[in-house]
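Notes to accompany the following structure.
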Amino acid sequence: MKILAVESSCDETAAAVIEGVGNFVGGEWSLPADFEAAGVKILSNVVVSQVDIFAAYGGVIPEVAARSHLEAILPVIQKALNDAHLTKDDIDCLAVTHTPGLLGSLLIGTLTMRALAILWEKPLYAVHHLKSHIYSNWLTEGASPSFPLVALVISGGHTQIIHMPGHNEFEIIGTTRDDAVGECFDKVAKILGLPYPGGPAIARAADEGEVKYRLPKPKVEGLDFSFSGLKTAVLRAVQGELGLPITTPSFELQKHLSEKQVADFAASFQKAAVEILLDKLEMALEAHPEARTVVFAGGVSANKVLREEAARRLLGGSEGHSTRGDLNVFFPEPKFSGDNAAMVGVAAYFEILAGVQPTDPYKLNIAPRTAIS
Ligand code: KG4
Ligand code: ZN
């Protein structure tokens, strides 16, 4: 079966065609007997990023993002079909991110796919963005994470620990009480005068720096996170290092910082953020000793230090799909850790296998915030 998927929840306009084991014939699915026989191939994957536009502003401007999606969406879909050497007639069903995300951004992708589903008379699957991030782990050739698993979802908008007893079953066991970890990378980058998006910029700067500054870990009970305190701790540490009063606005600081100081703050912050994430993940694994697998998901999962440190702490060795005891650890391939549509396609594929029904294209609505389901 071939699925045309679209993602437009934030500042990437993306379309992909993926092919899954199974067929759609005469309006009926003919699917693999079990999940073991399931699998997908990526036929095309097109991502048009707006980061260059927002680098100039230091962050996403929702109105501008929506307008950029409007310009890009049809050519991006056309390119996904062309790259796969397919026409609409070869496509069995459609999938689109309808929640959560920026309202205007979600509207463009969702409305476009509603229209195509009606005009082309194809089933349309509405997919939750965080589910897509989790399922990006199934895009790696040969990867098939086993259940029960614990997923650490770390993106620009979300920081959650999700327990999954099986495919398409989600139980949120930890969540941030304030900022998401990606948002914290972005805000700390701004304090340090590094460009948007802050995650990759901090990672690059940190490569040249030393972990020199001690930043406090937030005391949050259970499996929940808090990242706003860490951002403020960096702000205070920078003001302290520069001998400036705490009333100095954050945008005033960067011009006083040397390259070395920026690198050292980036390395110190990155280490603290990674430790906070992995401490809670280890607590989650203690609470769920039956979990056989850990999957990382979302833009922040591209972080190299996080990957190395996770391998060291969870596997006791090198990064990869090796095991320590019976624990398997999966990361999405870096090109699939940020927003893309191949992950929307694979998430829809596993929805279809789990018996989820297509949505009504005349009624599908968007929602800026909803829990994963
Ligand atoms: O998943 P994503 O592409 O979009 C959302 O759904 O939010 O995540 C974007 C976030 C941004 O905050 C960005 O700074 C962060 O992921 N990010 C990183 C890295 N690459 C992207 N954070 C840390 N290290 C990275 N290498
Ligand atoms: Zn995302």
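Labels for the structure tokens follow display order: chains A, B, ..., residues from 1 in each chain, ligands from 1.
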Ala266 in chain A: which residues within 7 Å, counting only C-alpha atoms, same-chain residues fewer than 2 positions away excluded, as number ranges by chain?
A: 202, 205-206, 262-264, 268-270
Those same residues, written as a PDB file, in the first residue's frame with all heavy atoms?
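Dumped to out19.pdb:
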```
ATOM      1  N   ILE A 202      23.595  25.355  19.660  1.00  0.00           N
ATOM      2  CA  ILE A 202      24.210  25.074  20.972  1.00  0.00           C
ATOM      3  C   ILE A 202      25.133  23.857  20.852  1.00  0.00           C
ATOM      4  O   ILE A 202      26.251  23.849  21.373  1.00  0.00           O
ATOM      5  CB  ILE A 202      23.109  24.810  22.030  1.00  0.00           C
ATOM      6  CG1 ILE A 202      22.356  26.111  22.268  1.00  0.00           C
ATOM      7  CG2 ILE A 202      23.697  24.183  23.309  1.00  0.00           C
ATOM      8  CD1 ILE A 202      22.078  26.508  23.655  1.00  0.00           C
ATOM      9  N   ALA A 205      28.368  24.919  19.146  1.00  0.00           N
ATOM     10  CA  ALA A 205      29.201  25.754  20.029  1.00  0.00           C
ATOM     11  C   ALA A 205      29.796  24.902  21.151  1.00  0.00           C
ATOM     12  O   ALA A 205      30.963  25.054  21.521  1.00  0.00           O
ATOM     13  CB  ALA A 205      28.363  26.900  20.605  1.00  0.00           C
ATOM     14  N   ALA A 206      28.984  23.970  21.670  1.00  0.00           N
ATOM     15  CA  ALA A 206      29.421  23.152  22.814  1.00  0.00           C
ATOM     16  C   ALA A 206      30.601  22.260  22.455  1.00  0.00           C
ATOM     17  O   ALA A 206      31.427  21.931  23.313  1.00  0.00           O
ATOM     18  CB  ALA A 206      28.248  22.295  23.314  1.00  0.00           C
ATOM     19  N   VAL A 262      30.845  31.706  25.372  1.00  0.00           N
ATOM     20  CA  VAL A 262      29.633  31.150  24.726  1.00  0.00           C
ATOM     21  C   VAL A 262      29.767  29.636  24.627  1.00  0.00           C
ATOM     22  O   VAL A 262      28.839  28.882  24.973  1.00  0.00           O
ATOM     23  CB  VAL A 262      29.419  31.776  23.319  1.00  0.00           C
ATOM     24  CG1 VAL A 262      28.332  31.024  22.552  1.00  0.00           C
ATOM     25  CG2 VAL A 262      29.041  33.254  23.444  1.00  0.00           C
ATOM     26  N   ALA A 263      30.919  29.163  24.171  1.00  0.00           N
ATOM     27  CA  ALA A 263      31.132  27.718  24.005  1.00  0.00           C
ATOM     28  C   ALA A 263      31.027  27.010  25.361  1.00  0.00           C
ATOM     29  O   ALA A 263      30.412  25.937  25.466  1.00  0.00           O
ATOM     30  CB  ALA A 263      32.492  27.470  23.363  1.00  0.00           C
ATOM     31  N   ASP A 264      31.614  27.598  26.397  1.00  0.00           N
ATOM     32  CA  ASP A 264      31.582  26.957  27.721  1.00  0.00           C
ATOM     33  C   ASP A 264      30.161  26.945  28.307  1.00  0.00           C
ATOM     34  O   ASP A 264      29.749  25.958  28.917  1.00  0.00           O
ATOM     35  CB  ASP A 264      32.544  27.669  28.685  1.00  0.00           C
ATOM     36  CG  ASP A 264      34.004  27.433  28.302  1.00  0.00           C
ATOM     37  OD1 ASP A 264      34.267  26.536  27.463  1.00  0.00           O
ATOM     38  OD2 ASP A 264      34.880  28.153  28.825  1.00  0.00           O
ATOM     39  N   SER A 268      28.045  23.572  29.078  1.00  0.00           N
ATOM     40  CA  SER A 268      27.539  23.367  30.441  1.00  0.00           C
ATOM     41  C   SER A 268      26.027  23.184  30.425  1.00  0.00           C
ATOM     42  O   SER A 268      25.478  22.291  31.103  1.00  0.00           O
ATOM     43  CB  SER A 268      27.901  24.560  31.334  1.00  0.00           C
ATOM     44  OG  SER A 268      29.277  24.826  31.251  1.00  0.00           O
ATOM     45  N   PHE A 269      25.350  24.020  29.628  1.00  0.00           N
ATOM     46  CA  PHE A 269      23.884  23.907  29.538  1.00  0.00           C
ATOM     47  C   PHE A 269      23.482  22.570  28.911  1.00  0.00           C
ATOM     48  O   PHE A 269      22.596  21.873  29.406  1.00  0.00           O
ATOM     49  CB  PHE A 269      23.298  25.067  28.721  1.00  0.00           C
ATOM     50  CG  PHE A 269      21.929  24.764  28.199  1.00  0.00           C
ATOM     51  CD1 PHE A 269      20.835  24.721  29.065  1.00  0.00           C
ATOM     52  CD2 PHE A 269      21.722  24.455  26.856  1.00  0.00           C
ATOM     53  CE1 PHE A 269      19.573  24.384  28.593  1.00  0.00           C
ATOM     54  CE2 PHE A 269      20.469  24.118  26.389  1.00  0.00           C
ATOM     55  CZ  PHE A 269      19.387  24.085  27.263  1.00  0.00           C
ATOM     56  N   GLN A 270      24.159  22.214  27.807  1.00  0.00           N
ATOM     57  CA  GLN A 270      23.801  20.978  27.111  1.00  0.00           C
ATOM     58  C   GLN A 270      23.943  19.769  28.043  1.00  0.00           C
ATOM     59  O   GLN A 270      23.092  18.891  28.082  1.00  0.00           O
ATOM     60  CB  GLN A 270      24.705  20.805  25.885  1.00  0.00           C
ATOM     61  CG  GLN A 270      24.452  19.533  25.104  1.00  0.00           C
ATOM     62  CD  GLN A 270      25.299  19.490  23.840  1.00  0.00           C
ATOM     63  OE1 GLN A 270      24.793  19.624  22.748  1.00  0.00           O
ATOM     64  NE2 GLN A 270      26.581  19.311  23.999  1.00  0.00           N
TER      65      GLN A 270
END
```
Would you give me, as a VMD selection string, the residues in range 171-330 of chain A that DSSP reads as strand (DSSP E)?
chain A and resid 171 to 175 293 to 297 323 to 324 327 to 330
Within 8 Å of Glu7 in chain A, counting only C-alpha atoms, which residues qualify if same-chain residues fewer than 6 places away don't, as a PyMOL selection string?
chain A and resi 13-15+96-97+109+339-341+344
Environment of ligand 1 within 6 Å, counting only C-alpha atoms and all ligand atoms, reported as an mmCIF file with C-alpha atoms, in the first residue's frame:
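Output file out-v2.cif follows:
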```
data_model
loop_
_atom_site.group_PDB
_atom_site.id
_atom_site.type_symbol
_atom_site.label_atom_id
_atom_site.label_comp_id
_atom_site.auth_asym_id
_atom_site.auth_seq_id
_atom_site.Cartn_x
_atom_site.Cartn_y
_atom_site.Cartn_z
ATOM 1 C CA SER A 155 10.864 18.441 20.677
ATOM 2 C CA GLY A 156 10.423 22.177 20.432
ATOM 3 C CA GLY A 157 6.919 22.002 21.849
ATOM 4 C CA GLY A 182 13.783 22.148 22.700
ATOM 5 C CA GLU A 183 12.259 25.495 23.615
ATOM 6 C CA PHE A 185 17.685 25.094 23.904
ATOM 7 C CA ASP A 186 16.191 27.821 21.693
ATOM 8 C CA PRO A 197 17.049 26.995 15.853
ATOM 9 C CA GLY A 198 19.027 26.946 19.064
ATOM 10 C CA GLY A 199 19.503 23.170 19.461
ATOM 11 C CA PRO A 200 21.942 22.596 16.605
ATOM 12 C CA ALA A 203 25.469 21.612 20.008
ATOM 13 C CA GLY A 298 11.606 14.581 18.321
ATOM 14 C CA GLY A 299 14.060 17.254 17.177
ATOM 15 C CA VAL A 300 16.207 17.197 20.336
ATOM 16 C CA ALA A 302 19.325 14.501 17.084
ATOM 17 C CA ASN A 303 21.656 15.772 19.832
ATOM 18 C CA GLY A 338 13.126 16.747 13.089
ATOM 19 C CA ASP A 339 9.758 17.341 11.451
#
```
List every residue of range 171-247 of chain A that DSSP, applied to the backbone, labels as alpha helix (DSSP H), and write the result as a ChimeraX atom specification.
/A:181-192,198-207,228-242
Find the spatial neighbours of range 124-128 of chain A, counting only C-alpha atoms, within a cut-off of 10 Å - ignore same-chain residues fewer than 4 positions away - and output them as number ranges by chain.
A: 3-7, 92-101, 110, 113-114, 116-118, 132-133, 343-345, 347-349, 351-352, 356-361, 364-367, 370-373
Could you give me, as a ChimeraX atom specification, the residues within 6 Å of Asn23 in chain A, counting only C-alpha atoms and dropping anything in the same chain fewer than 3 positions from it?
/A:1,29-30
Extract, using only C-alpha atoms, all DNA, RNA and protein residues at most 7 Å from Leu152 in chain A, discarding same-chain residues fewer than 5 positions from it, and format them as a PDB file with N, CA, C and O atoms, in the first residue's frame.
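Done, and the output landed in around-v8.pdb:
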```pdb
ATOM      1  N   GLN A 160       7.963  14.709  26.924  1.00  0.00           N
ATOM      2  CA  GLN A 160       7.096  13.732  27.574  1.00  0.00           C
ATOM      3  C   GLN A 160       7.759  12.363  27.620  1.00  0.00           C
ATOM      4  O   GLN A 160       8.518  12.004  26.709  1.00  0.00           O
ATOM      5  N   ILE A 161       7.431  11.629  28.679  1.00  0.00           N
ATOM      6  CA  ILE A 161       7.799  10.211  28.719  1.00  0.00           C
ATOM      7  C   ILE A 161       6.495   9.444  28.530  1.00  0.00           C
ATOM      8  O   ILE A 161       5.507   9.676  29.252  1.00  0.00           O
ATOM      9  N   ILE A 162       6.488   8.577  27.533  1.00  0.00           N
ATOM     10  CA  ILE A 162       5.255   7.868  27.178  1.00  0.00           C
ATOM     11  C   ILE A 162       5.514   6.368  27.240  1.00  0.00           C
ATOM     12  O   ILE A 162       6.481   5.871  26.659  1.00  0.00           O
ATOM     13  N   VAL A 295      12.698   4.219  23.065  1.00  0.00           N
ATOM     14  CA  VAL A 295      12.837   4.956  21.814  1.00  0.00           C
ATOM     15  C   VAL A 295      12.896   6.450  22.119  1.00  0.00           C
ATOM     16  O   VAL A 295      12.163   6.953  22.964  1.00  0.00           O
ATOM     17  N   PHE A 296      13.806   7.121  21.446  1.00  0.00           N
ATOM     18  CA  PHE A 296      13.909   8.577  21.538  1.00  0.00           C
ATOM     19  C   PHE A 296      13.182   9.164  20.333  1.00  0.00           C
ATOM     20  O   PHE A 296      13.178   8.556  19.253  1.00  0.00           O
ATOM     21  N   ALA A 297      12.584  10.352  20.506  1.00  0.00           N
ATOM     22  CA  ALA A 297      11.815  10.931  19.403  1.00  0.00           C
ATOM     23  C   ALA A 297      11.794  12.447  19.503  1.00  0.00           C
ATOM     24  O   ALA A 297      11.872  13.003  20.601  1.00  0.00           O
TER      25      ALA A 297
END
```
Of the residues A:Ala115, A:Ala84, A:Leu130, A:Leu327, which is the one nearest to ligand 2, using only C-alpha atoms and all ligand atoms?
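Answer, going by the shortest atom-to-atom distance: A:Leu130.
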Set the distance at 10 Å and use only C-alpha atoms: which residues neighbour Phe251 in chain A once local chain neighbours fewer than 6 positions away are removed? I'd like the list as a ChimeraX atom specification.
/A:190-193
Output N, CA and C atoms of each residue in that selection to a file, as a JSON list (two decimals), in the first residue's frame.
```
[["chain", "number", "residue", "atom", "x", "y", "z"],
["A", 190, "LYS", "N", 19.39, 32.05, 22.42],
["A", 190, "LYS", "CA", 19.12, 33.48, 22.25],
["A", 190, "LYS", "C", 19.92, 34.30, 23.27],
["A", 191, "ILE", "N", 19.95, 33.83, 24.52],
["A", 191, "ILE", "CA", 20.73, 34.54, 25.56],
["A", 191, "ILE", "C", 22.20, 34.61, 25.13],
["A", 192, "LEU", "N", 22.70, 33.50, 24.53],
["A", 192, "LEU", "CA", 24.12, 33.43, 24.18],
["A", 192, "LEU", "C", 24.41, 34.08, 22.82],
["A", 193, "GLY", "N", 23.37, 34.57, 22.15],
["A", 193, "GLY", "CA", 23.57, 35.21, 20.85],
["A", 193, "GLY", "C", 23.77, 34.21, 19.73]]
```
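Our summary of the geometry notes that CA of Glu252 in chain A is positioned 21.9 Å from CA of Gly209 in chain A.
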Between A:Leu102, A:Ala189, A:Lys335, A:Gly26, smallest distance to Val47 in chain A by only C-alpha atoms belongs to A:Lys335
